[in-house]
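Engineer: my_file_39.pdb is reproduced below (PDB, C-alpha atoms and all ligand atoms).
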```pdb
ATOM      1  CA  MET A   1     -31.463  39.807 -34.115
ATOM      2  CA  THR A   2     -33.357  37.357 -31.959
ATOM      3  CA  ALA A   3     -31.296  34.578 -30.448
ATOM      4  CA  LEU A   4     -31.565  31.192 -32.124
ATOM      5  CA  ARG A   5     -32.587  28.390 -29.790
ATOM      6  CA  PRO A   6     -31.690  25.023 -31.270
ATOM      7  CA  THR A   7     -31.532  22.145 -28.819
ATOM      8  CA  LEU A   8     -28.338  20.186 -28.149
ATOM      9  CA  HIS A   9     -30.169  17.117 -29.415
ATOM     10  CA  GLN A  10     -30.986  18.800 -32.747
ATOM     11  CA  LEU A  11     -27.366  19.829 -33.167
ATOM     12  CA  ARG A  12     -26.185  16.269 -32.503
ATOM     13  CA  VAL A  13     -28.617  14.911 -35.102
ATOM     14  CA  PHE A  14     -27.558  17.600 -37.580
ATOM     15  CA  GLU A  15     -23.868  16.807 -37.053
ATOM     16  CA  ALA A  16     -24.516  13.105 -37.680
ATOM     17  CA  VAL A  17     -26.526  13.774 -40.878
ATOM     18  CA  ALA A  18     -23.872  16.176 -42.221
ATOM     19  CA  ARG A  19     -21.038  13.776 -41.355
ATOM     20  CA  LEU A  20     -22.709  10.636 -42.716
ATOM     21  CA  GLY A  21     -24.423  12.328 -45.688
ATOM     22  CA  SER A  22     -27.683  10.527 -45.021
ATOM     23  CA  TYR A  23     -30.763  10.776 -42.793
ATOM     24  CA  THR A  24     -31.014   6.996 -42.698
ATOM     25  CA  ARG A  25     -27.442   6.411 -41.540
ATOM     26  CA  ALA A  26     -27.706   9.193 -38.955
ATOM     27  CA  ALA A  27     -30.911   7.560 -37.650
ATOM     28  CA  GLU A  28     -29.086   4.218 -37.373
ATOM     29  CA  GLU A  29     -26.103   5.692 -35.560
ATOM     30  CA  LEU A  30     -28.271   7.585 -33.079
ATOM     31  CA  HIS A  31     -30.815   4.782 -32.629
ATOM     32  CA  LEU A  32     -33.665   6.999 -33.854
ATOM     33  CA  THR A  33     -36.287   6.456 -36.532
ATOM     34  CA  GLN A  34     -35.764   8.135 -39.886
ATOM     35  CA  PRO A  35     -38.971  10.261 -39.516
ATOM     36  CA  THR A  36     -37.698  11.540 -36.128
ATOM     37  CA  VAL A  37     -34.450  12.653 -37.791
ATOM     38  CA  SER A  38     -36.446  14.436 -40.559
ATOM     39  CA  VAL A  39     -38.648  16.215 -38.020
ATOM     40  CA  GLN A  40     -35.623  17.316 -35.969
ATOM     41  CA  MET A  41     -33.899  18.685 -39.079
ATOM     42  CA  ARG A  42     -37.053  20.527 -40.212
ATOM     43  CA  GLU A  43     -37.402  22.132 -36.796
ATOM     44  CA  LEU A  44     -33.731  23.101 -36.728
ATOM     45  CA  ALA A  45     -34.009  24.738 -40.187
ATOM     46  CA  ALA A  46     -37.149  26.588 -38.996
ATOM     47  CA  THR A  47     -35.279  27.824 -35.903
ATOM     48  CA  VAL A  48     -32.387  29.117 -38.008
ATOM     49  CA  GLY A  49     -34.736  30.369 -40.729
ATOM     50  CA  LEU A  50     -32.497  29.149 -43.537
ATOM     51  CA  PRO A  51     -31.967  25.812 -45.317
ATOM     52  CA  LEU A  52     -29.175  23.836 -43.640
ATOM     53  CA  LEU A  53     -29.092  20.639 -45.694
ATOM     54  CA  GLU A  54     -29.509  20.000 -49.381
ATOM     55  CA  THR A  55     -29.585  16.944 -51.577
ATOM     56  CA  ARG A  56     -26.619  16.492 -53.898
ATOM     57  CA  GLY A  57     -27.130  13.422 -56.030
ATOM     58  CA  ARG A  58     -27.846  10.678 -53.531
ATOM     59  CA  GLN A  59     -26.095  12.462 -50.664
ATOM     60  CA  THR A  60     -27.403  14.924 -48.109
ATOM     61  CA  ALA A  61     -24.869  17.708 -47.624
ATOM     62  CA  PRO A  62     -24.762  20.935 -45.581
ATOM     63  CA  THR A  63     -25.456  24.250 -47.329
ATOM     64  CA  THR A  64     -23.024  27.126 -46.816
ATOM     65  CA  VAL A  65     -24.921  28.168 -43.677
ATOM     66  CA  GLY A  66     -25.088  24.479 -42.703
ATOM     67  CA  GLU A  67     -21.275  24.291 -42.920
ATOM     68  CA  ALA A  68     -20.971  27.237 -40.549
ATOM     69  CA  LEU A  69     -23.485  25.637 -38.176
ATOM     70  CA  LEU A  70     -21.520  22.374 -38.331
ATOM     71  CA  ALA A  71     -18.311  24.168 -37.281
ATOM     72  CA  ALA A  72     -20.138  25.970 -34.453
ATOM     73  CA  ALA A  73     -21.781  22.737 -33.273
ATOM     74  CA  ARG A  74     -18.488  20.821 -33.271
ATOM     75  CA  GLY A  75     -16.820  23.602 -31.280
ATOM     76  CA  MET A  76     -19.640  23.392 -28.732
ATOM     77  CA  PHE A  77     -19.347  19.594 -28.538
ATOM     78  CA  ASP A  78     -15.602  19.917 -27.872
ATOM     79  CA  HIS A  79     -16.209  22.415 -25.064
ATOM     80  CA  TRP A  80     -18.930  20.188 -23.660
ATOM     81  CA  ALA A  81     -16.664  17.122 -23.771
ATOM     82  CA  ALA A  82     -13.972  19.085 -21.885
ATOM     83  CA  PHE A  83     -16.576  20.042 -19.284
ATOM     84  CA  GLU A  84     -17.720  16.423 -18.919
ATOM     85  CA  MET A  85     -14.092  15.357 -18.483
ATOM     86  CA  LEU A  86     -13.639  17.947 -15.745
ATOM     87  CA  VAL A  87     -16.754  16.688 -13.965
ATOM     88  CA  SER A  88     -15.633  13.068 -14.123
ATOM     89  CA  GLN A  89     -12.119  13.972 -12.952
ATOM     90  CA  THR A  90     -13.491  16.001 -10.063
ATOM     91  CA  ARG A  91     -15.789  13.140  -9.095
ATOM     92  CA  GLY A  92     -12.890  10.679  -9.486
ATOM     93  CA  LEU A  93     -10.819  12.779  -7.091
ATOM     94  CA  GLN A  94     -13.495  12.787  -4.418
ATOM     95  CA  ARG A  95     -13.194   9.059  -3.906
ATOM     96  CA  GLY A  96     -10.675   6.544  -5.130
ATOM     97  CA  ARG A  97      -7.336   4.927  -4.584
ATOM     98  CA  LEU A  98      -3.780   5.769  -5.553
ATOM     99  CA  ARG A  99      -1.438   2.802  -5.696
ATOM    100  CA  LEU A 100       2.172   3.920  -5.544
ATOM    101  CA  ALA A 101       5.311   1.830  -5.597
ATOM    102  CA  ALA A 102       8.594   3.452  -4.657
ATOM    103  CA  VAL A 103      12.203   2.360  -4.402
ATOM    104  CA  THR A 104      13.503   2.458  -0.858
ATOM    105  CA  THR A 105      15.519   5.634  -1.327
ATOM    106  CA  ALA A 106      12.359   7.529  -2.280
ATOM    107  CA  GLU A 107      10.944   7.024   1.207
ATOM    108  CA  TYR A 108      13.052   9.992   2.346
ATOM    109  CA  PHE A 109      11.154  12.536   0.251
ATOM    110  CA  LEU A 110       7.918  10.853  -0.761
ATOM    111  CA  PRO A 111       6.010  11.724   2.435
ATOM    112  CA  ALA A 112       6.741  15.417   1.763
ATOM    113  CA  LEU A 113       5.178  14.996  -1.691
ATOM    114  CA  LEU A 114       2.265  12.974  -0.379
ATOM    115  CA  ALA A 115       1.299  15.330   2.451
ATOM    116  CA  PRO A 116      -0.160  18.187   0.363
ATOM    117  CA  TYR A 117      -1.711  15.642  -2.014
ATOM    118  CA  ALA A 118      -3.453  13.800   0.835
ATOM    119  CA  ARG A 119      -4.656  17.095   2.316
ATOM    120  CA  ALA A 120      -6.070  18.223  -1.050
ATOM    121  CA  HIS A 121      -7.772  14.864  -1.730
ATOM    122  CA  PRO A 122      -8.954  13.431   1.587
ATOM    123  CA  GLY A 123     -11.232  10.932  -0.217
ATOM    124  CA  ILE A 124      -8.313   9.244  -1.992
ATOM    125  CA  GLU A 125      -6.863   6.264  -0.188
ATOM    126  CA  VAL A 126      -3.105   6.073  -0.790
ATOM    127  CA  GLN A 127      -1.353   2.723  -0.810
ATOM    128  CA  LEU A 128       2.427   2.929  -0.869
ATOM    129  CA  VAL A 129       4.682  -0.069  -1.394
ATOM    130  CA  VAL A 130       8.395   0.486  -0.726
ATOM    131  CA  GLU A 131      10.890  -2.033  -2.126
ATOM    132  CA  ASN A 132      14.248  -2.020  -3.862
ATOM    133  CA  ARG A 133      14.593  -1.457  -7.601
ATOM    134  CA  ASP A 134      14.399  -5.105  -8.641
ATOM    135  CA  ALA A 135      11.131  -5.592  -6.758
ATOM    136  CA  ILE A 136       9.649  -2.401  -8.260
ATOM    137  CA  VAL A 137      10.643  -3.599 -11.746
ATOM    138  CA  ARG A 138       8.752  -6.860 -11.106
ATOM    139  CA  ARG A 139       5.709  -4.841 -10.041
ATOM    140  CA  LEU A 140       5.963  -2.828 -13.283
ATOM    141  CA  GLU A 141       6.141  -6.072 -15.268
ATOM    142  CA  LEU A 142       2.852  -7.125 -13.675
ATOM    143  CA  ASP A 143       1.441  -3.589 -13.998
ATOM    144  CA  GLN A 144       0.389  -3.685 -10.341
ATOM    145  CA  ASP A 145       0.505   0.024  -9.479
ATOM    146  CA  ASP A 146      -0.738   3.340 -10.804
ATOM    147  CA  LEU A 147       2.702   4.928 -10.590
ATOM    148  CA  ALA A 148       6.208   3.937  -9.590
ATOM    149  CA  VAL A 149       8.838   6.315  -8.228
ATOM    150  CA  MET A 150      12.329   5.287  -9.249
ATOM    151  CA  MET A 151      15.651   6.443 -10.635
ATOM    152  CA  LEU A 152      16.467   3.770 -13.233
ATOM    153  CA  PRO A 153      13.386   2.627 -15.192
ATOM    154  CA  PRO A 154      13.991  -0.744 -16.862
ATOM    155  CA  GLU A 155      14.770  -0.798 -20.578
ATOM    156  CA  HIS A 156      12.798  -3.918 -21.429
ATOM    157  CA  LEU A 157       9.299  -2.529 -20.736
ATOM    158  CA  PRO A 158       7.262   0.054 -22.690
ATOM    159  CA  LEU A 159       7.063   2.874 -20.154
ATOM    160  CA  GLU A 160       6.289   6.535 -19.766
ATOM    161  CA  ALA A 161       8.873   7.977 -17.388
ATOM    162  CA  GLN A 162       8.607  11.577 -16.304
ATOM    163  CA  PRO A 163      11.667  13.061 -14.591
ATOM    164  CA  PHE A 164      10.599  15.331 -11.754
ATOM    165  CA  MET A 165      13.596  15.927  -9.507
ATOM    166  CA  ASP A 166      17.375  15.605  -9.441
ATOM    167  CA  ASN A 167      18.871  12.726  -7.493
ATOM    168  CA  PRO A 168      22.581  13.327  -6.829
ATOM    169  CA  LEU A 169      24.445  10.332  -5.439
ATOM    170  CA  VAL A 170      27.242  11.441  -3.126
ATOM    171  CA  ALA A 171      30.208   9.747  -1.438
ATOM    172  CA  LEU A 172      29.972   9.482   2.337
ATOM    173  CA  GLY A 173      32.612   8.887   4.921
ATOM    174  CA  PRO A 174      32.778   9.073   8.709
ATOM    175  CA  ALA A 175      33.168  12.701   9.822
ATOM    176  CA  ASP A 176      36.733  11.990  11.108
ATOM    177  CA  HIS A 177      37.980  10.166   7.978
ATOM    178  CA  PRO A 178      41.167  11.546   6.346
ATOM    179  CA  PHE A 179      39.214  11.930   3.069
ATOM    180  CA  ALA A 180      36.862  14.310   4.901
ATOM    181  CA  ARG A 181      39.621  16.834   5.663
ATOM    182  CA  GLY A 182      39.159  18.777   2.448
ATOM    183  CA  GLY A 183      40.865  18.513  -0.919
ATOM    184  CA  ARG A 184      39.549  16.535  -3.780
ATOM    185  CA  ILE A 185      39.889  12.752  -3.863
ATOM    186  CA  THR A 186      40.071  10.845  -7.118
ATOM    187  CA  LEU A 187      37.348   8.350  -8.001
ATOM    188  CA  ALA A 188      40.050   5.675  -8.209
ATOM    189  CA  ALA A 189      41.102   6.391  -4.605
ATOM    190  CA  LEU A 190      37.508   6.076  -3.469
ATOM    191  CA  ALA A 191      37.053   2.802  -5.368
ATOM    192  CA  ALA A 192      40.315   1.455  -3.989
ATOM    193  CA  GLU A 193      38.984   1.871  -0.428
ATOM    194  CA  GLY A 194      36.188  -0.595  -1.138
ATOM    195  CA  LEU A 195      32.622   0.480  -0.394
ATOM    196  CA  LEU A 196      29.740  -0.419   1.852
ATOM    197  CA  VAL A 197      27.057  -1.282  -0.665
ATOM    198  CA  ARG A 198      23.374  -2.104  -0.808
ATOM    199  CA  GLU A 199      22.081  -5.579  -1.697
ATOM    200  CA  ARG A 200      21.982  -6.793  -5.311
ATOM    201  CA  GLY A 201      18.803  -5.449  -6.923
ATOM    202  CA  SER A 202      19.279  -1.982  -5.432
ATOM    203  CA  GLY A 203      19.200   0.887  -7.917
ATOM    204  CA  THR A 204      21.725   2.818  -5.847
ATOM    205  CA  ARG A 205      24.180  -0.053  -6.157
ATOM    206  CA  MET A 206      23.483  -0.373  -9.879
ATOM    207  CA  ALA A 207      24.033   3.364 -10.512
ATOM    208  CA  THR A 208      27.290   3.296  -8.504
ATOM    209  CA  GLU A 209      28.550   0.213 -10.315
ATOM    210  CA  GLU A 210      27.703   1.729 -13.728
ATOM    211  CA  HIS A 211      29.402   5.017 -12.852
ATOM    212  CA  LEU A 212      32.614   3.327 -11.761
ATOM    213  CA  GLU A 213      32.615   1.131 -14.866
ATOM    214  CA  ARG A 214      32.203   4.180 -17.080
ATOM    215  CA  HIS A 215      35.418   5.469 -15.513
ATOM    216  CA  GLY A 216      37.199   2.160 -16.017
ATOM    217  CA  LEU A 217      36.872   1.148 -12.351
ATOM    218  CA  ARG A 218      35.346  -1.845 -10.612
ATOM    219  CA  LEU A 219      33.145  -1.796  -7.556
ATOM    220  CA  ARG A 220      35.030  -3.349  -4.644
ATOM    221  CA  THR A 221      32.587  -4.388  -1.963
ATOM    222  CA  ARG A 222      33.720  -4.102   1.607
ATOM    223  CA  MET A 223      30.373  -5.012   3.114
ATOM    224  CA  GLU A 224      26.826  -5.536   1.836
ATOM    225  CA  LEU A 225      23.961  -4.017   3.852
ATOM    226  CA  GLY A 226      20.241  -4.225   3.166
ATOM    227  CA  SER A 227      19.154  -0.607   3.696
ATOM    228  CA  ASN A 228      20.313   2.982   3.301
ATOM    229  CA  GLU A 229      20.006   3.559   7.057
ATOM    230  CA  ALA A 230      22.141   0.500   7.830
ATOM    231  CA  ILE A 231      24.794   1.868   5.464
ATOM    232  CA  LYS A 232      24.718   5.335   7.035
ATOM    233  CA  HIS A 233      25.137   3.901  10.526
ATOM    234  CA  ALA A 234      27.918   1.598   9.331
ATOM    235  CA  VAL A 235      29.738   4.539   7.693
ATOM    236  CA  ALA A 236      29.361   6.630  10.850
ATOM    237  CA  ALA A 237      30.738   3.695  12.863
ATOM    238  CA  GLY A 238      33.867   3.738  10.713
ATOM    239  CA  LEU A 239      33.212   0.512   8.814
ATOM    240  CA  GLY A 240      33.908   2.119   5.445
ATOM    241  CA  LEU A 241      32.810   4.592   2.763
ATOM    242  CA  ALA A 242      29.666   4.515   0.663
ATOM    243  CA  VAL A 243      27.813   6.170  -2.214
ATOM    244  CA  LEU A 244      24.194   7.035  -1.460
ATOM    245  CA  SER A 245      21.530   9.418  -2.684
ATOM    246  CA  ALA A 246      21.837  12.863  -1.090
ATOM    247  CA  HIS A 247      18.130  12.481  -0.254
ATOM    248  CA  THR A 248      19.055   9.965   2.451
ATOM    249  CA  LEU A 249      20.847  12.710   4.437
ATOM    250  CA  GLY A 250      19.417  15.011   7.060
ATOM    251  CA  PRO A 251      19.984  18.784   7.061
ATOM    252  CA  ASP A 252      23.350  18.421   8.820
ATOM    253  CA  PRO A 253      25.186  15.161   7.958
ATOM    254  CA  SER A 254      27.907  15.918  10.553
ATOM    255  CA  ARG A 255      25.290  15.485  13.304
ATOM    256  CA  GLU A 256      24.843  11.941  11.991
ATOM    257  CA  GLY A 257      28.610  11.415  12.184
ATOM    258  CA  LEU A 258      28.884  11.651   8.393
ATOM    259  CA  ALA A 259      30.791  13.779   5.902
ATOM    260  CA  VAL A 260      30.011  14.255   2.219
ATOM    261  CA  LEU A 261      33.345  13.614   0.493
ATOM    262  CA  GLN A 262      34.597  15.781  -2.351
ATOM    263  CA  VAL A 263      35.356  13.177  -4.993
ATOM    264  CA  GLU A 264      36.203  13.830  -8.642
ATOM    265  CA  GLY A 265      33.364  12.758 -10.931
ATOM    266  CA  LEU A 266      30.819  12.851  -8.082
ATOM    267  CA  PRO A 267      27.995  13.408  -7.374
ATOM    268  CA  ILE A 268      26.548  10.922  -9.830
ATOM    269  CA  ARG A 269      23.792  12.953 -11.441
ATOM    270  CA  ARG A 270      20.590  11.002 -11.740
ATOM    271  CA  GLU A 271      16.915  11.899 -11.706
ATOM    272  CA  TRP A 272      13.818  10.700  -9.943
ATOM    273  CA  ARG A 273      11.103   9.644 -12.324
ATOM    274  CA  LEU A 274       7.406   8.969 -12.078
ATOM    275  CA  VAL A 275       6.874   5.868 -14.148
ATOM    276  CA  HIS A 276       3.932   3.901 -15.520
ATOM    277  CA  ARG A 277       3.304   1.414 -18.290
ATOM    278  CA  ALA A 278       2.882   3.110 -21.686
ATOM    279  CA  GLY A 279      -0.749   3.147 -22.738
ATOM    280  CA  ARG A 280      -2.043   2.774 -19.197
ATOM    281  CA  VAL A 281      -5.098   4.990 -18.698
ATOM    282  CA  LEU A 282      -4.260   6.893 -15.530
ATOM    283  CA  SER A 283      -6.994   7.384 -12.951
ATOM    284  CA  PRO A 284      -7.815  10.964 -11.946
ATOM    285  CA  ALA A 285      -6.038  10.206  -8.637
ATOM    286  CA  ALA A 286      -2.850   9.170 -10.474
ATOM    287  CA  GLN A 287      -3.020  12.138 -12.848
ATOM    288  CA  ALA A 288      -3.314  14.491  -9.896
ATOM    289  CA  PHE A 289      -0.263  12.903  -8.261
ATOM    290  CA  LEU A 290       1.752  13.257 -11.471
ATOM    291  CA  ALA A 291       0.860  16.947 -11.524
ATOM    292  CA  ALA A 292       1.760  17.288  -7.831
ATOM    293  CA  GLY A 293       5.121  15.600  -8.466
ATOM    294  CA  ARG A 294       5.906  18.115 -11.166
ATOM    295  CA  ALA A 295       4.872  21.104  -9.098
ATOM    296  CA  ALA A 296       6.022  20.396  -5.557
ATOM    297  CA  ALA A 297       9.240  18.431  -5.705
ATOM    298  CA  PRO A 298      11.406  19.217  -2.672
ATOM    299  CA  SER A 299      15.180  19.555  -2.983
ATOM    300  CA  PRO A 300      17.610  17.280  -1.167
ATOM    301  CA  ARG A 301      18.791  18.877   2.050
ATOM    302  CA  ALA A 302      22.441  17.940   2.132
ATOM    303  CA  PRO A 303      24.896  20.785   1.545
ATOM    304  CA  ALA A 304      26.683  18.849  -1.204
ATOM    305  CA  ALA A 305      23.400  18.524  -3.010
ATOM    306  CA  ALA A 306      22.677  22.239  -2.924
ATOM    307  CA  ALA A 307      23.023  22.301  -6.696
ATOM    308  CA  ALA A 308      20.212  19.799  -6.990
ATOM    309  CA  ARG A 309      17.092  21.351  -8.411
ATOM    310  CA  PRO A 310      13.796  20.026  -9.729
ATOM    311  CA  ALA A 311      14.413  18.627 -13.185
ATOM    312  CA  ARG A 312      12.724  20.239 -16.145
ATOM    313  CA  PRO A 313       9.386  18.460 -16.402
ATOM    314  CA  ALA A 314       9.570  16.538 -19.629
ATOM    315  CA  ARG A 315       7.892  13.478 -20.952
ATOM    316  CA  VAL A 316      10.242  10.837 -22.145
ATOM    317  CA  ARG A 317       9.665   7.351 -23.297
ATOM    318  CA  SER A 318      12.142   5.002 -21.709
ATOM    319  CA  SER A 319      11.824   2.520 -24.489
ATOM    320  CA  PRO A 320       9.632   2.015 -27.528
TER
HETATM  321  P1  LIG B 401      17.166   1.524  -4.335
HETATM  322  O1  LIG B 401      16.671   2.861  -4.993
HETATM  323  O2  LIG B 401      18.637   1.605  -4.209
HETATM  324  O3  LIG B 401      16.438   1.554  -3.029
HETATM  325  O4  LIG B 401      16.737   0.348  -5.202
HETATM  326  C1  LIG B 401      17.276   3.529  -5.997
HETATM  327  C2  LIG B 401      16.518   3.383  -7.312
HETATM  328  O5  LIG B 401      16.424   2.306  -7.871
HETATM  329  O6  LIG B 401      16.003   4.386  -7.780
END
```
Starting from the coordinates I provided, produce the structure as structure tokens.
Ligand code: PGA
Structural biologist:
Amino acid sequence: MTALRPTLHQLRVFEAVARLGSYTRAAEELHLTQPTVSVQMRELAATVGLPLLETRGRQTAPTTVGEALLAAARGMFDHWAAFEMLVSQTRGLQRGRLRLAAVTTAEYFLPALLAPYARAHPGIEVQLVVENRDAIVRRLELDQDDLAVMMLPPEHLPLEAQPFMDNPLVALGPADHPFARGGRITLAALAAEGLLVRERGSGTRMATEEHLERHGLRLRTRMELGSNEAIKHAVAAGLGLAVLSAHTLGPDPSREGLAVLQVEGLPIRREWRLVHRAGRVLSPAAQAFLAAGRAAAPSPRAPAAAAARPARPARVRSSP
């Protein structure tokens, strides 16, 4: 059998006529004249060698062969649309901008995620804003960024929040603290010591407070410090104990003068999430970063966090 050679244009006209049941309406939709539509349909029928459309009452409808052609044409259009999408995504990844906002604790692992992304997409300019949770929530309210990296997405906004990695929060003490000598400490004993805590608005502080409350305990603040590093140095200097993300620790906490304490009910098991406003159309650059987050999430390095593993990639809605 000789190959049929309809043009893409003829198939588009045919699909419109079959869908709308009328040459006139197809002509209107495609901004063509009615005679042009008739000529195209005659030529298509001649190419196929069989009638494709017939008149039923006042409607134009596909014949049995026309129905089969309609299915084939729609399948081709779908494949073509997928190809066009690929082209536009590839072009969009050659040049563009990725605006990321991350809570301060994410700065410990985000560069490791960004490095392969930046190497793969040298034309994408990355802008990274690092603030505490409250500030990132305000940015989400204003929809200022493509993606936010955080642990506790707010409940009051319609968001898509994709977990991509575990975030265990561990108790830290100075390496020579009695609590660091082994044996398990109760959560109540830890709380009774009073903690070095981050500023109000910090997600780490919020998660710690919530965890203690769930166990009927109150957060006693010994000192408030404005960064994870300040807390680590203060703990090492013997100013008190703290609860921080295991991601803030280097490969050997003892070299930083720190010990991860074995406390009942700890670590607090949380997850890092890639978050954006629901309904936001993500740029190709943002979509590629979401995919990279899913695929290349590093694990926290601290020994106590050895159990931490990349979370099952799942799409959850934080709130309706
Ligand atoms: P933060 O980060 O304590 O720096 O705010 C933790 C979070 O909110 O995920």
Engineer: Go ahead and compute the interatomic distance for atom CA of Glu160 of chain A and atom CA of Ala135 of chain A, in Å to one decimal.
Structural biologist: 18.4 Å
Engineer: Can you tell me how far atom CA of Val263 of chain A sits from atom CA of Pro163 of chain A, in Å to one decimal?
Structural biologist: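 The value is 25.6 Å.
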Engineer: Going by the chain IDs and residue numbers used in this file, which residues fall under the PyMOL selection byres (((not hetatm)) within 9 of (chain B and resi 401))? Write them as a PyMOL selection string.
Structural biologist: chain A and resi 102-107+130-136+149-153+167+198-207+227-228+244-245+270-273
Engineer: Can you tell me how far atom CA of Gly293 of chain A sits from atom CA of Ala171 of chain A, in Å to one decimal?
Structural biologist: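 Result for atom CA of Gly293 of chain A versus atom CA of Ala171 of chain A: 26.7 Å, one decimal.
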Engineer: Quick one: apply the PyMOL selection byres (((chain A and resi 183-191) around 10) and not hetatm) to the file and drop the selected residues here as an MDAnalysis selection string.
Structural biologist: chainID A and resid 171 179:182 192:195 211:212 215:221 241:243 261:266
Engineer: Choose the residue, out of A:Leu69, A:Ile268, A:Ala285, A:Ala26, that has the smallest atom-to-atom separation from Val126 of chain A; count all atoms listed in the file.
Structural biologist: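 Residue with the minimum atom-to-atom distance to Val126 of chain A: A:Ala285.
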Engineer: Return as AutoDock Vina command-line options the box centre and box size in Å, one decimal, for an axis-aligned box around all listed atoms of segment 192-197 of chain A padded by 6 Å per side.
Structural biologist:
```
--center_x 33.7 --center_y 0.3 --center_z -1.1 --size_x 25.3 --size_y 15.2 --size_z 17.8
```
Engineer: Around the point (18.0, -2.9, -20.1) (coordinates from the file), which residues reach within 12 Å if we count only C-alpha atoms? Answer as a PDB file with C-alpha atoms, keeping the file's coordinate frame.
Structural biologist:
```pdb
ATOM      1  CA  VAL A 137      10.643  -3.599 -11.746  1.00  0.00           C
ATOM      2  CA  LEU A 152      16.467   3.770 -13.233  1.00  0.00           C
ATOM      3  CA  PRO A 153      13.386   2.627 -15.192  1.00  0.00           C
ATOM      4  CA  PRO A 154      13.991  -0.744 -16.862  1.00  0.00           C
ATOM      5  CA  GLU A 155      14.770  -0.798 -20.578  1.00  0.00           C
ATOM      6  CA  HIS A 156      12.798  -3.918 -21.429  1.00  0.00           C
ATOM      7  CA  LEU A 157       9.299  -2.529 -20.736  1.00  0.00           C
ATOM      8  CA  PRO A 158       7.262   0.054 -22.690  1.00  0.00           C
ATOM      9  CA  MET A 206      23.483  -0.373  -9.879  1.00  0.00           C
ATOM     10  CA  SER A 318      12.142   5.002 -21.709  1.00  0.00           C
ATOM     11  CA  SER A 319      11.824   2.520 -24.489  1.00  0.00           C
TER      12      SER A 319
END
```
Engineer: Can you pull out every residue within 10 Å of segment 48-62 of chain A, counting all atoms listed in the file, but drop anything in the same chain fewer than 3 positions away, and send it as a list in words?
Structural biologist: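 The residues that qualify are Ala3, Leu4, Arg5, Pro6, Phe14, Glu15, Val17, Ala18, Arg19, Leu20, Gly21, Ser22, Tyr23, Met41, Arg42, Glu43, Leu44, Ala45, Val65, Gly66, Glu67, Ala68, Leu69 and Leu70 of chain A.
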Engineer: Keeping only C-alpha atoms, take the residues you just selected and write them out as an mmCIF file, keeping the file's coordinate frame.
Structural biologist:
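As a result, out13.cif now contains:
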```cif
data_model
loop_
_atom_site.group_PDB
_atom_site.id
_atom_site.type_symbol
_atom_site.label_atom_id
_atom_site.label_comp_id
_atom_site.auth_asym_id
_atom_site.auth_seq_id
_atom_site.Cartn_x
_atom_site.Cartn_y
_atom_site.Cartn_z
ATOM 1 C CA ALA A 3 -31.296 34.578 -30.448
ATOM 2 C CA LEU A 4 -31.565 31.192 -32.124
ATOM 3 C CA ARG A 5 -32.587 28.390 -29.790
ATOM 4 C CA PRO A 6 -31.690 25.023 -31.270
ATOM 5 C CA PHE A 14 -27.558 17.600 -37.580
ATOM 6 C CA GLU A 15 -23.868 16.807 -37.053
ATOM 7 C CA VAL A 17 -26.526 13.774 -40.878
ATOM 8 C CA ALA A 18 -23.872 16.176 -42.221
ATOM 9 C CA ARG A 19 -21.038 13.776 -41.355
ATOM 10 C CA LEU A 20 -22.709 10.636 -42.716
ATOM 11 C CA GLY A 21 -24.423 12.328 -45.688
ATOM 12 C CA SER A 22 -27.683 10.527 -45.021
ATOM 13 C CA TYR A 23 -30.763 10.776 -42.793
ATOM 14 C CA MET A 41 -33.899 18.685 -39.079
ATOM 15 C CA ARG A 42 -37.053 20.527 -40.212
ATOM 16 C CA GLU A 43 -37.402 22.132 -36.796
ATOM 17 C CA LEU A 44 -33.731 23.101 -36.728
ATOM 18 C CA ALA A 45 -34.009 24.738 -40.187
ATOM 19 C CA VAL A 65 -24.921 28.168 -43.677
ATOM 20 C CA GLY A 66 -25.088 24.479 -42.703
ATOM 21 C CA GLU A 67 -21.275 24.291 -42.920
ATOM 22 C CA ALA A 68 -20.971 27.237 -40.549
ATOM 23 C CA LEU A 69 -23.485 25.637 -38.176
ATOM 24 C CA LEU A 70 -21.520 22.374 -38.331
#
```
Engineer: Please tell me which residues are no farther than 6 Å from (28.1, 8.3, 8.3) in the file, counting all atoms listed in the file, and write them as a VMD selection string.
Structural biologist: chain A and resid 173 to 174 232 to 233 235 to 236 257 to 258
Engineer: For Asp145 of chain A, which residue out of A:Arg74, A:Ile124, A:Arg280, A:Leu290 is the nearest one, using all atoms listed in the file?
Structural biologist: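 Ranking A:Arg74, A:Ile124, A:Arg280, A:Leu290 by distance to Asp145 of chain A, first place goes to A:Arg280.
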Engineer: So, with only C-alpha atoms as the atoms that count, which of A:Pro267, A:Gly240, A:Pro122, A:Gly92 lies closest to His177 of chain A?
Structural biologist: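 Smallest separation from His177 of chain A among the options: A:Gly240.
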Engineer: Run through the PyMOL selection byres (((chain A and resi 80-90) around 12) and not hetatm) on the given coordinates and return the selected residues as a PyMOL selection string.
Structural biologist: chain A and resi 8+73-79+91-96+120-121+123-124+282-288
Engineer: Taking into account all atoms listed in the file, which residue in the set A:Ala291, A:Leu128, A:Ala278, A:Leu98 is nearest to Pro111 of chain A?
Structural biologist: A:Leu128
